[in-house]
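K.L.:
Next comes the structure file structure_34.cif, holding mmCIF, C-alpha atoms.
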```cif
data_model
loop_
_atom_site.label_atom_id
_atom_site.label_comp_id
_atom_site.auth_asym_id
_atom_site.auth_seq_id
_atom_site.Cartn_x
_atom_site.Cartn_y
_atom_site.Cartn_z
CA MET A 1 -0.49 -13.16 9.94
CA PRO A 2 -1.40 -9.89 11.61
CA LYS A 3 1.22 -7.83 13.38
CA THR A 4 0.57 -6.18 16.73
CA LEU A 5 2.15 -2.77 17.07
CA LEU A 6 2.40 -0.86 20.34
CA LEU A 7 3.10 2.86 20.06
CA VAL A 8 4.66 4.24 23.21
CA GLY A 9 5.08 7.98 23.74
CA THR A 10 7.66 8.96 26.36
CA ARG A 11 9.37 12.02 27.73
CA LYS A 12 12.36 11.10 25.59
CA GLY A 13 10.83 10.19 22.26
CA ALA A 14 8.56 7.51 20.83
CA PHE A 15 9.16 3.77 20.87
CA LEU A 16 7.54 0.93 18.90
CA LEU A 17 7.04 -2.57 20.27
CA GLU A 18 6.07 -5.31 17.84
CA SER A 19 4.70 -8.79 18.19
CA ASP A 20 2.59 -11.25 16.24
CA ALA A 21 -1.03 -12.13 16.94
CA GLY A 22 0.07 -14.29 19.87
CA ARG A 23 1.40 -11.20 21.67
CA ARG A 24 3.88 -13.17 23.79
CA ASP A 25 7.26 -12.10 22.41
CA TRP A 26 7.98 -8.44 21.73
CA SER A 27 10.77 -6.54 20.01
CA MET A 28 11.40 -2.86 20.48
CA ARG A 29 12.61 -0.04 18.24
CA GLY A 30 13.37 3.57 19.14
CA PRO A 31 13.75 6.16 20.42
CA PHE A 32 12.19 8.11 17.56
CA CYS A 33 11.32 11.79 17.13
CA GLU A 34 14.85 12.87 18.10
CA GLY A 35 14.08 12.38 21.75
CA TRP A 36 11.40 15.10 21.83
CA PRO A 37 8.84 14.66 24.60
CA VAL A 38 6.00 12.75 22.93
CA TYR A 39 2.61 13.14 24.57
CA HIS A 40 0.56 10.91 22.30
CA ALA A 41 1.51 8.57 19.46
CA ILE A 42 -1.18 6.96 17.31
CA HIS A 43 -1.55 4.77 14.22
CA ASP A 44 -4.07 5.79 11.56
CA GLY A 45 -5.45 2.49 10.32
CA SER A 46 -6.89 4.06 7.19
CA THR A 47 -3.53 5.26 5.87
CA GLY A 48 -1.00 3.25 7.85
CA THR A 49 0.67 6.45 9.07
CA ILE A 50 1.99 6.92 12.59
CA TYR A 51 1.56 10.36 14.14
CA ALA A 52 3.21 11.61 17.32
CA ALA A 53 2.26 14.80 19.17
CA ALA A 54 5.42 16.30 20.60
CA ALA A 55 6.52 19.47 22.30
CA SER A 56 10.18 20.37 22.64
CA GLU A 57 11.25 22.84 25.34
CA TRP A 58 13.58 24.34 22.77
CA HIS A 59 11.84 24.02 19.45
CA GLY A 60 8.14 24.15 20.24
CA SER A 61 5.28 21.89 19.31
CA ALA A 62 4.93 19.74 16.22
CA VAL A 63 3.39 16.57 14.91
CA TRP A 64 5.88 13.92 13.87
CA ARG A 65 4.88 11.47 11.16
CA SER A 66 6.10 8.15 9.82
CA LYS A 67 4.58 6.57 6.74
CA ASP A 68 6.69 3.41 6.96
CA LEU A 69 5.96 2.18 10.49
CA GLY A 70 8.82 4.04 12.09
CA GLU A 71 11.61 3.58 9.54
CA THR A 72 11.69 7.29 8.64
CA TRP A 73 10.17 10.32 10.34
CA THR A 74 9.40 13.93 9.46
CA LEU A 75 7.75 16.68 11.46
CA SER A 76 5.46 19.58 10.69
CA SER A 77 3.88 22.40 12.64
CA GLU A 78 2.78 24.37 9.60
CA GLY A 79 -0.51 25.98 10.54
CA ILE A 80 -0.42 24.96 14.21
CA GLY A 81 -0.49 28.31 15.95
CA TYR A 82 -2.72 31.18 16.98
CA PRO A 83 -2.44 34.66 15.48
CA ASP A 84 0.64 36.64 16.49
CA ASP A 85 -1.47 39.52 17.80
CA GLY A 86 -3.48 37.46 20.26
CA ALA A 87 -2.95 36.33 23.82
CA ARG A 88 -3.23 32.69 22.95
CA LYS A 89 -0.14 30.60 22.40
CA VAL A 90 0.21 26.98 21.47
CA SER A 91 2.34 25.81 24.37
CA LYS A 92 1.86 22.11 23.73
CA VAL A 93 0.25 19.69 21.32
CA SER A 94 -1.20 17.21 23.72
CA THR A 95 -3.45 14.73 21.97
CA LEU A 96 -4.24 13.24 18.57
CA ALA A 97 -7.05 11.42 16.82
CA ALA A 98 -7.09 10.20 13.22
CA ARG A 99 -9.48 8.48 10.88
CA ASN A 100 -10.20 8.33 7.18
CA GLY A 101 -7.21 10.44 6.32
CA ARG A 102 -7.93 13.31 8.69
CA VAL A 103 -5.84 14.10 11.77
CA LEU A 104 -7.20 16.06 14.71
CA VAL A 105 -4.69 17.73 17.04
CA GLY A 106 -5.70 18.97 20.50
CA VAL A 107 -3.51 21.71 21.93
CA GLU A 108 -2.90 24.05 24.87
CA ALA A 109 -4.30 26.79 24.92
CA PRO A 110 -7.53 24.97 24.09
CA GLY A 111 -8.04 24.41 20.42
CA ILE A 112 -8.26 21.65 17.85
CA PHE A 113 -6.34 21.80 14.60
CA GLU A 114 -6.94 19.45 11.68
CA SER A 115 -4.89 18.13 8.81
CA LYS A 116 -6.47 16.83 5.64
CA ASP A 117 -3.21 16.22 3.80
CA GLY A 118 -1.70 13.53 5.97
CA GLY A 119 0.08 15.81 8.40
CA ASP A 120 1.82 18.12 5.91
CA THR A 121 -0.18 21.16 6.98
CA PHE A 122 -2.74 22.01 9.65
CA SER A 123 -5.51 24.54 10.10
CA LEU A 124 -7.51 25.67 13.12
CA LEU A 125 -10.79 23.78 13.34
CA THR A 126 -12.15 25.19 16.59
CA THR A 127 -11.34 26.90 19.86
CA LEU A 128 -14.75 26.02 21.34
CA ALA A 129 -15.25 29.78 21.52
CA GLY A 130 -18.22 30.99 23.51
CA GLN A 131 -18.67 27.83 25.52
CA PRO A 132 -19.30 28.36 29.25
CA GLY A 133 -15.91 28.47 30.92
CA SER A 134 -14.11 29.75 27.85
CA GLU A 135 -13.44 33.07 29.61
CA MET A 136 -11.13 31.07 31.89
CA TRP A 137 -9.14 29.44 29.15
CA ASP A 138 -9.04 32.70 27.17
CA ASP A 139 -7.69 34.64 30.17
CA PRO A 140 -4.09 35.60 29.36
CA LYS A 141 -3.15 34.94 32.99
CA ASN A 142 -3.85 31.27 32.35
CA GLN A 143 -1.68 31.03 29.21
CA PRO A 144 0.85 29.54 29.36
CA PRO A 145 1.47 27.48 31.42
CA GLY A 146 -2.14 27.30 32.48
CA HIS A 147 -2.43 23.67 31.49
CA LEU A 148 -5.88 24.52 30.21
CA GLY A 149 -5.86 22.60 27.00
CA ILE A 150 -7.63 19.99 24.97
CA SER A 151 -6.37 16.97 26.83
CA ALA A 152 -8.19 14.31 24.84
CA ILE A 153 -10.37 13.79 21.78
CA ALA A 154 -12.70 10.79 21.53
CA LEU A 155 -14.04 9.91 18.09
CA ASP A 156 -17.44 8.46 17.39
CA LYS A 157 -17.19 4.94 16.04
CA GLU A 158 -19.12 5.69 12.85
CA ASP A 159 -19.80 9.40 12.35
CA ASP A 160 -16.73 11.41 11.32
CA SER A 161 -18.44 14.71 12.15
CA ARG A 162 -19.12 13.70 15.73
CA PHE A 163 -16.52 13.69 18.46
CA TRP A 164 -15.97 14.65 22.07
CA ALA A 165 -13.23 16.88 23.46
CA ILE A 166 -12.06 17.28 27.03
CA VAL A 167 -11.05 20.78 28.09
CA GLN A 168 -8.81 20.17 31.05
CA GLY A 169 -10.40 21.26 34.31
CA ILE A 170 -13.53 22.49 32.50
CA GLY A 171 -15.36 19.45 31.24
CA LEU A 172 -16.47 17.36 28.28
CA PHE A 173 -17.92 18.87 25.09
CA GLU A 174 -19.56 17.18 22.11
CA THR A 175 -19.80 18.29 18.51
CA THR A 176 -22.06 16.62 15.98
CA ASP A 177 -21.23 18.99 13.12
CA ASP A 178 -17.50 18.60 12.81
CA GLY A 179 -16.55 21.25 15.32
CA SER A 180 -18.83 24.05 14.17
CA SER A 181 -20.86 23.97 17.36
CA TRP A 182 -20.37 22.34 20.74
CA THR A 183 -22.50 21.26 23.69
CA PRO A 184 -21.28 20.62 27.24
CA ARG A 185 -21.86 16.98 28.21
CA ASN A 186 -21.32 16.95 31.96
CA ARG A 187 -24.78 16.44 33.42
CA GLY A 188 -24.73 14.08 36.40
CA LEU A 189 -20.99 14.38 37.02
CA ARG A 190 -19.75 15.09 40.52
CA ALA A 191 -17.59 18.06 41.47
CA ASP A 192 -16.28 18.67 44.98
CA TRP A 193 -15.57 22.34 44.42
CA PRO A 194 -17.51 25.55 43.59
CA ARG A 195 -18.37 26.05 39.95
CA PRO A 196 -19.26 29.37 38.30
CA HIS A 197 -21.27 27.66 35.56
CA GLU A 198 -23.93 24.99 35.86
CA GLU A 199 -22.79 23.07 32.79
CA VAL A 200 -19.02 23.09 33.29
CA GLY A 201 -16.32 23.08 35.97
CA PHE A 202 -15.74 19.33 36.03
CA CYS A 203 -12.37 17.62 35.97
CA VAL A 204 -12.76 15.02 33.24
CA HIS A 205 -9.64 12.90 32.90
CA LYS A 206 -10.50 10.31 30.28
CA VAL A 207 -13.49 9.34 28.13
CA VAL A 208 -13.71 6.16 26.08
CA ARG A 209 -16.36 5.02 23.66
CA ALA A 210 -17.97 1.60 23.98
CA ASP A 211 -20.56 0.10 21.66
CA GLY A 212 -23.91 1.75 21.15
CA ALA A 213 -24.51 4.96 23.03
CA ARG A 214 -22.25 4.05 25.92
CA LEU A 215 -19.32 6.09 27.17
CA TYR A 216 -17.13 5.52 30.21
CA GLN A 217 -15.38 8.32 32.04
CA GLN A 218 -12.61 8.46 34.60
CA ASN A 219 -13.08 11.75 36.42
CA HIS A 220 -10.94 13.43 39.06
CA VAL A 221 -13.75 12.43 41.41
CA GLY A 222 -15.19 9.12 40.38
CA MET A 223 -15.79 6.65 37.59
CA HIS A 224 -18.87 7.37 35.51
CA ARG A 225 -20.90 5.71 32.78
CA SER A 226 -23.24 7.19 30.21
CA ASP A 227 -25.77 5.18 28.19
CA ASP A 228 -26.97 8.13 26.13
CA ASP A 229 -23.87 9.43 24.34
CA GLY A 230 -22.79 11.54 27.29
CA HIS A 231 -26.03 13.45 27.74
CA THR A 232 -26.25 12.15 31.31
CA TRP A 233 -23.74 10.40 33.55
CA THR A 234 -24.09 7.92 36.43
CA GLU A 235 -21.34 7.36 38.94
CA ILE A 236 -20.00 3.78 39.13
CA THR A 237 -17.13 4.24 41.58
CA GLU A 238 -18.41 1.86 44.27
CA GLY A 239 -16.16 -1.17 44.55
CA LEU A 240 -13.00 0.58 43.35
CA PRO A 241 -10.17 1.33 45.80
CA THR A 242 -10.08 5.05 44.89
CA GLU A 243 -12.20 7.43 42.88
CA PHE A 244 -9.16 8.89 41.10
CA GLY A 245 -7.19 7.82 38.05
CA PHE A 246 -6.41 8.65 34.47
CA ALA A 247 -6.16 5.64 32.18
CA ALA A 248 -9.13 3.60 31.02
CA ALA A 249 -10.04 1.15 28.26
CA ALA A 250 -13.30 -0.26 26.95
CA HIS A 251 -13.58 -3.85 25.71
CA PRO A 252 -14.00 -3.77 21.91
CA HIS A 253 -16.60 -6.55 21.78
CA ASP A 254 -18.51 -6.26 25.08
CA ARG A 255 -19.93 -2.89 26.08
CA ASP A 256 -20.28 -3.97 29.72
CA THR A 257 -16.58 -4.77 30.13
CA PHE A 258 -14.28 -1.92 31.02
CA TYR A 259 -10.85 -1.45 32.59
CA VAL A 260 -9.42 1.28 34.79
CA VAL A 261 -6.31 1.94 36.86
CA PRO A 262 -7.25 3.65 40.15
CA LEU A 263 -4.54 5.82 41.68
CA ASP A 264 -3.98 7.52 45.01
CA PRO A 265 -5.56 10.96 44.54
CA GLY A 266 -2.93 12.76 46.66
CA HIS A 267 0.41 14.04 45.51
CA GLY A 268 1.75 10.57 44.81
CA ARG A 269 -0.83 9.52 42.23
CA THR A 270 0.44 5.97 42.20
CA MET A 271 -1.34 2.65 42.54
CA PRO A 272 -2.69 2.26 46.09
CA ASP A 273 -0.53 0.44 48.67
CA GLY A 274 2.18 -0.30 46.13
CA HIS A 275 0.14 -3.08 44.51
CA ALA A 276 0.01 -2.85 40.73
CA THR A 277 -3.59 -3.55 39.79
CA VAL A 278 -5.92 -3.07 36.86
CA TRP A 279 -9.60 -3.15 37.80
CA GLN A 280 -12.19 -4.73 35.55
CA THR A 281 -15.95 -4.55 35.42
CA LYS A 282 -17.99 -6.98 33.33
CA ASP A 283 -21.36 -5.53 34.24
CA GLY A 284 -21.08 -1.88 33.29
CA GLY A 285 -19.66 -0.81 36.63
CA SER A 286 -22.03 -2.58 39.03
CA SER A 287 -19.12 -4.61 40.37
CA TRP A 288 -15.32 -4.49 40.02
CA LYS A 289 -12.62 -7.17 40.07
CA PRO A 290 -8.89 -6.61 40.63
CA LEU A 291 -6.55 -8.05 37.99
CA ARG A 292 -3.11 -8.68 39.50
CA ASN A 293 -1.77 -11.95 38.09
CA GLY A 294 1.75 -11.20 36.89
CA LEU A 295 1.78 -7.58 38.05
CA PRO A 296 4.20 -6.56 40.84
CA GLN A 297 2.52 -6.65 44.24
CA GLU A 298 5.25 -5.32 46.48
CA ASP A 299 6.62 -1.76 46.49
CA ALA A 300 5.18 -1.09 43.05
CA TRP A 301 4.50 2.64 43.23
CA LEU A 302 3.42 2.95 39.63
CA GLY A 303 1.56 5.79 37.96
CA VAL A 304 -0.33 5.50 34.68
CA LEU A 305 -1.25 8.63 32.75
CA ARG A 306 -4.34 9.48 30.71
CA GLU A 307 -3.35 7.97 27.38
CA ALA A 308 -1.14 5.23 28.75
CA MET A 309 -3.54 2.27 28.54
CA ALA A 310 -4.81 0.57 25.40
CA ILE A 311 -6.76 -2.49 24.33
CA ASP A 312 -6.47 -4.26 20.98
CA THR A 313 -9.20 -5.65 18.75
CA TYR A 314 -8.44 -9.39 18.63
CA ASP A 315 -11.25 -11.81 19.50
CA THR A 316 -9.54 -12.21 22.85
CA PRO A 317 -8.35 -8.64 23.34
CA GLY A 318 -4.95 -7.75 24.73
CA LEU A 319 -4.50 -5.00 27.29
CA TYR A 320 -1.46 -2.79 27.69
CA PHE A 321 -0.36 -0.04 30.02
CA GLY A 322 2.77 2.04 30.44
CA THR A 323 3.95 3.67 33.64
CA SER A 324 5.43 6.97 34.66
CA THR A 325 8.57 5.04 35.55
CA GLY A 326 9.05 3.42 32.15
CA GLN A 327 7.59 -0.07 32.37
CA VAL A 328 5.15 -1.52 29.83
CA PHE A 329 2.88 -4.35 30.98
CA ALA A 330 0.89 -6.48 28.56
CA SER A 331 -1.87 -9.06 28.80
CA ALA A 332 -2.93 -11.25 25.89
CA ASP A 333 -5.96 -12.62 27.72
CA GLU A 334 -8.16 -9.64 28.59
CA GLY A 335 -6.21 -8.86 31.72
CA ASP A 336 -6.28 -12.30 33.35
CA SER A 337 -2.47 -12.54 33.28
CA TRP A 338 0.24 -9.95 32.71
CA SER A 339 3.91 -9.73 31.80
CA GLU A 340 6.37 -6.87 31.75
CA ILE A 341 7.46 -6.35 28.13
CA ALA A 342 9.62 -3.24 28.62
CA SER A 343 11.34 -2.20 31.81
CA TYR A 344 13.60 0.78 31.33
CA LEU A 345 11.90 3.29 29.08
CA PRO A 346 11.69 7.00 29.92
CA PRO A 347 8.51 8.16 31.69
CA ILE A 348 5.59 7.02 29.54
CA SER A 349 2.86 9.44 28.44
CA SER A 350 0.91 7.26 26.05
CA VAL A 351 0.37 3.70 24.87
CA GLU A 352 -1.71 2.89 21.80
CA VAL A 353 -2.06 -0.41 19.95
CA ALA A 354 -2.71 -1.26 16.33
CA VAL A 355 -3.38 -4.61 14.68
CA ILE A 356 -1.87 -4.50 11.22
CA ASP A 357 -2.81 -7.13 8.62
CA MET B 358 27.47 37.63 5.24
CA ALA B 359 26.79 36.78 8.86
CA ASP B 360 28.52 33.74 10.31
CA VAL B 361 25.60 31.78 11.80
CA HIS B 362 26.09 28.91 14.23
CA LEU B 363 23.06 26.69 14.93
CA PRO B 364 22.33 24.25 17.78
CA GLY B 365 22.87 20.57 17.08
CA THR B 366 19.25 19.80 17.94
CA LEU B 367 18.10 21.51 14.73
CA ILE B 368 20.27 19.57 12.33
CA PRO B 369 18.37 16.24 12.23
CA LEU B 370 15.11 18.06 11.56
CA PHE B 371 16.03 19.52 8.17
CA ALA B 372 17.76 17.71 5.32
CA GLY B 373 21.00 19.39 4.33
CA LEU B 374 21.11 21.81 7.26
CA THR B 375 24.55 22.34 8.79
CA ARG B 376 25.72 23.72 12.14
CA ARG B 377 27.53 26.66 10.51
CA LEU B 378 26.27 28.78 7.62
CA ASP B 379 26.93 32.10 5.89
CA VAL B 380 23.69 34.09 5.76
CA ASP B 381 23.08 37.39 4.01
CA ALA B 382 20.77 39.44 6.27
CA ASP B 383 20.55 42.78 8.08
CA THR B 384 18.87 41.55 11.27
CA VAL B 385 18.45 38.36 13.27
CA ASP B 386 14.86 38.22 12.00
CA GLY B 387 16.14 38.53 8.45
CA ALA B 388 18.67 35.76 8.99
CA ILE B 389 15.96 33.44 10.28
CA ALA B 390 13.78 34.38 7.31
CA GLU B 391 16.59 33.41 4.96
CA LEU B 392 16.99 30.08 6.73
CA GLU B 393 13.21 29.56 6.51
CA ARG B 394 13.37 30.18 2.78
CA GLN B 395 15.90 27.40 2.38
CA TRP B 396 14.46 25.05 5.00
CA PRO B 397 10.70 25.58 5.32
CA GLY B 398 9.51 25.10 8.89
CA LEU B 399 12.78 26.17 10.50
CA ARG B 400 11.42 29.52 11.68
CA ASP B 401 8.79 27.78 13.79
CA ARG B 402 11.52 25.88 15.60
CA LEU B 403 13.15 29.14 16.72
CA CYS B 404 10.28 31.64 17.01
CA GLU B 405 6.84 31.73 18.59
CA ALA B 406 3.78 33.95 18.44
CA GLY B 407 4.56 37.59 19.01
CA PRO B 408 6.67 37.07 17.05
CA SER B 409 9.61 36.55 19.34
CA LEU B 410 12.38 34.05 19.91
CA ARG B 411 11.21 30.96 21.76
CA THR B 412 11.77 31.12 25.50
CA HIS B 413 14.66 28.69 25.52
CA ILE B 414 16.24 29.80 22.25
CA HIS B 415 18.90 32.40 22.99
CA VAL B 416 20.64 34.30 20.22
CA TYR B 417 23.91 36.17 20.60
CA VAL B 418 25.27 38.60 18.00
CA ASP B 419 28.97 39.19 18.42
CA ARG B 420 28.67 37.79 21.96
CA GLU B 421 25.83 40.13 22.98
CA ARG B 422 22.35 38.78 23.78
CA ALA B 423 20.11 39.60 20.82
CA THR B 424 16.45 39.80 19.81
CA LEU B 425 14.80 39.40 16.44
CA ASP B 426 15.37 43.13 15.81
CA THR B 427 19.10 43.11 16.49
CA GLN B 428 21.11 44.47 13.58
CA LEU B 429 23.80 42.40 11.92
CA GLU B 430 27.11 43.73 10.59
CA PRO B 431 28.54 42.24 7.40
CA ARG B 432 30.76 39.82 9.35
CA SER B 433 28.71 39.40 12.52
CA ARG B 434 28.90 36.11 14.31
CA VAL B 435 25.44 34.83 15.28
CA ASP B 436 25.22 32.06 17.86
CA VAL B 437 21.85 30.35 18.27
CA ILE B 438 21.81 28.46 21.54
CA ALA B 439 19.33 25.88 22.80
CA ALA B 440 19.50 27.21 26.34
CA ILE B 441 18.05 24.87 28.90
CA SER B 442 19.38 22.40 31.38
CA GLY B 443 18.12 19.28 33.06
CA GLY B 444 18.03 15.57 32.43
#
```
As structure tokens - that is how I would like this structure written.

P.N.:
Amino acid sequence: MPKTLLLVGTRKGAFLLESDAGRRDWSMRGPFCEGWPVYHAIHDGSTGTIYAAAASEWHGSAVWRSKDLGETWTLSSEGIGYPDDGARKVSKVSTLAARNGRVLVGVEAPGIFESKDGGDTFSLLTTLAGQPGSEMWDDPKNQPPGHLGISAIALDKEDDSRFWAIVQGIGLFETTDDGSSWTPRNRGLRADWPRPHEEVGFCVHKVVRADGARLYQQNHVGMHRSDDDGHTWTEITEGLPTEFGFAAAAHPHDRDTFYVVPLDPGHGRTMPDGHATVWQTKDGGSSWKPLRNGLPQEDAWLGVLREAMAIDTYDTPGLYFGTSTGQVFASADEGDSWSEIASYLPPISSVEVAVID
Amino acid sequence: MADVHLPGTLIPLFAGLTRRLDVDADTVDGAIAELERQWPGLRDRLCEAGPSLRTHIHVYVDRERATLDTQLEPRSRVDVIAAISGG
């Protein structure tokens, strides 16, 4: 019987929540990674290894690794760093992606490192050098703590040499040749501020891949959909309570179904009116439906960060999200009903899910 | 031999590492290099690009704030402190 594994990255280490295929009863283990702030924890289905991107205020950035589903952990940062004579510093490893034995690590200042030996060692794959806007992220005044980093990497579903990277505050970029060259993919996005370059200057928060050529994007200003691999974007915000948010998830079996957690765009950045709500579209963003059954509806000032929502791959997919105040909510029925499966974790940065046979 | 005292946060990261060690080195940088030789990866936990000590890693040699270039005497005491506060 398959096991369902939730990987939760928090400001005080990583936690693992486990259930069976029914996804009703959960047990928790952790904290792992010696309590280091974990920004993104993932499971590589091809090797069974868990990776966690972490950055300690004392001891710097590293990628933690467990080959036995959390029983034992090691860390490595060998090769994660820019030359000593340059202005760039790796102030944080912020995001991970893994497939077919390769691990990609997105960092601040913007760059992507890769490991081909299961996380023992890393090497610099790209800094997206020469892209419009790179003079901003290469400006020493912005490093660190400029927060100009690779905030997310989205893999293609089939082609290992193709992936998308978000440069925080700059925009989305695509490579089709394994990082050798990049193209901005921001056409059609909205920006409510002056931009020095036509192709960049957009605040892309989260991009998820659906089937075919479809991508969904939560932007600082609006939800967007692309039906041509990100070459052009169409805004689909209408019907949502706000245009702002971070977390998003695409249904694994229906390209028109997509989930998002709108937040108040002001300083609070919590769910509007204190009502915990996930919003669902089943028609590619033409209409939106609030999902609230089982979620707190009174004084629930919850925030959900970029990597803190996930969807599994069962026939009836389960949805999960973690909050900035340490709760994890789960639904085993595509969001129709929810339960709180963890209540007192540290602030949650990421939630990922794996189905393990 | 310098009398090196390490922060507790380092110990779980490296098998066999202890809080207190005798290290044969002429400088703080040399002491860290010796520790790196025995526990690969340890230098990156204390130093960053520059190279320099990480912002929140403070080193004291015989009670004086030190840098990587600080000289060590044969019986210097070296305290490596994880210097940060907060919850």

K.L.:
Within 7 Å of Asn293 in chain A, counting only C-alpha atoms, which residues show up once you throw out same-chain ones fewer than 3 positions away? Write them as a PyMOL selection string, please.

P.N.:
chain A and resi 336-338

K.L.:
Restrict the distance test to only C-alpha atoms, flag each residue of chain A within 7 Å of chain B, and return the flagged residues as a PyMOL selection string.

P.N.:
chain A and resi 57-60+78+83-85+89

K.L.:
Based on the selection just made, write C-alpha atoms of those residues as a PDB file, in the coordinates of the input.

P.N.:
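This is the output file part_30.pdb:
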```pdb
ATOM      1  CA  GLU A  57      11.250  22.840  25.340  1.00  0.00           C
ATOM      2  CA  TRP A  58      13.580  24.340  22.770  1.00  0.00           C
ATOM      3  CA  HIS A  59      11.840  24.020  19.450  1.00  0.00           C
ATOM      4  CA  GLY A  60       8.140  24.150  20.240  1.00  0.00           C
ATOM      5  CA  GLU A  78       2.780  24.370   9.600  1.00  0.00           C
ATOM      6  CA  PRO A  83      -2.440  34.660  15.480  1.00  0.00           C
ATOM      7  CA  ASP A  84       0.640  36.640  16.490  1.00  0.00           C
ATOM      8  CA  ASP A  85      -1.470  39.520  17.800  1.00  0.00           C
ATOM      9  CA  LYS A  89      -0.140  30.600  22.400  1.00  0.00           C
TER      10      LYS A  89
END
```

K.L.:
Near Met136 in chain A, within 12 Å and counting only C-alpha atoms, which residues show up once chain neighbours fewer than 2 positions away are dropped, as a ChimeraX atom specification?

P.N.:
/A:109-110,129-134,138-143,146-149,167-170,195-197,200-201

K.L.:
I'd like to know which of B:Val435, B:Asp360, B:Gly443, B:Leu429 is closest to Ala382 in chain B, using all atoms listed in the file.

P.N.:
B:Leu429

K.L.:
I'd like the neighbourhood of Glu421 in chain B as a list in words, where a residue qualifies if any of its atoms comes within 10 Å (using only C-alpha atoms), though same-chain residues fewer than 4 positions away should be ignored.

P.N.:
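Once the adjacent positions are removed, what remains is Val416, Tyr417, Thr427, Val435 and Asp436 of chain B.
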
K.L.:
Mind telling me what the PyMOL selection byres ((chain B and resi 428) around 8) catches here, as a PDB file with C-alpha atoms, in the frame of the given file?

P.N.:
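Okay, this is what ended up in out-v5.pdb:
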```pdb
ATOM      1  CA  ASP B 383      20.550  42.780   8.080  1.00  0.00           C
ATOM      2  CA  THR B 384      18.870  41.550  11.270  1.00  0.00           C
ATOM      3  CA  VAL B 385      18.450  38.360  13.270  1.00  0.00           C
ATOM      4  CA  ASP B 426      15.370  43.130  15.810  1.00  0.00           C
ATOM      5  CA  THR B 427      19.100  43.110  16.490  1.00  0.00           C
ATOM      6  CA  LEU B 429      23.800  42.400  11.920  1.00  0.00           C
ATOM      7  CA  GLU B 430      27.110  43.730  10.590  1.00  0.00           C
TER       8      GLU B 430
END
```

K.L.:
Please provide as an MDAnalysis selection string all residues within 9 Å of Glu391 in chain B, with the sequence filter that same-chain residues fewer than 4 positions apart are discarded (counting only C-alpha atoms).

P.N.:
chainID B and resid 380:382 386:387 395:396
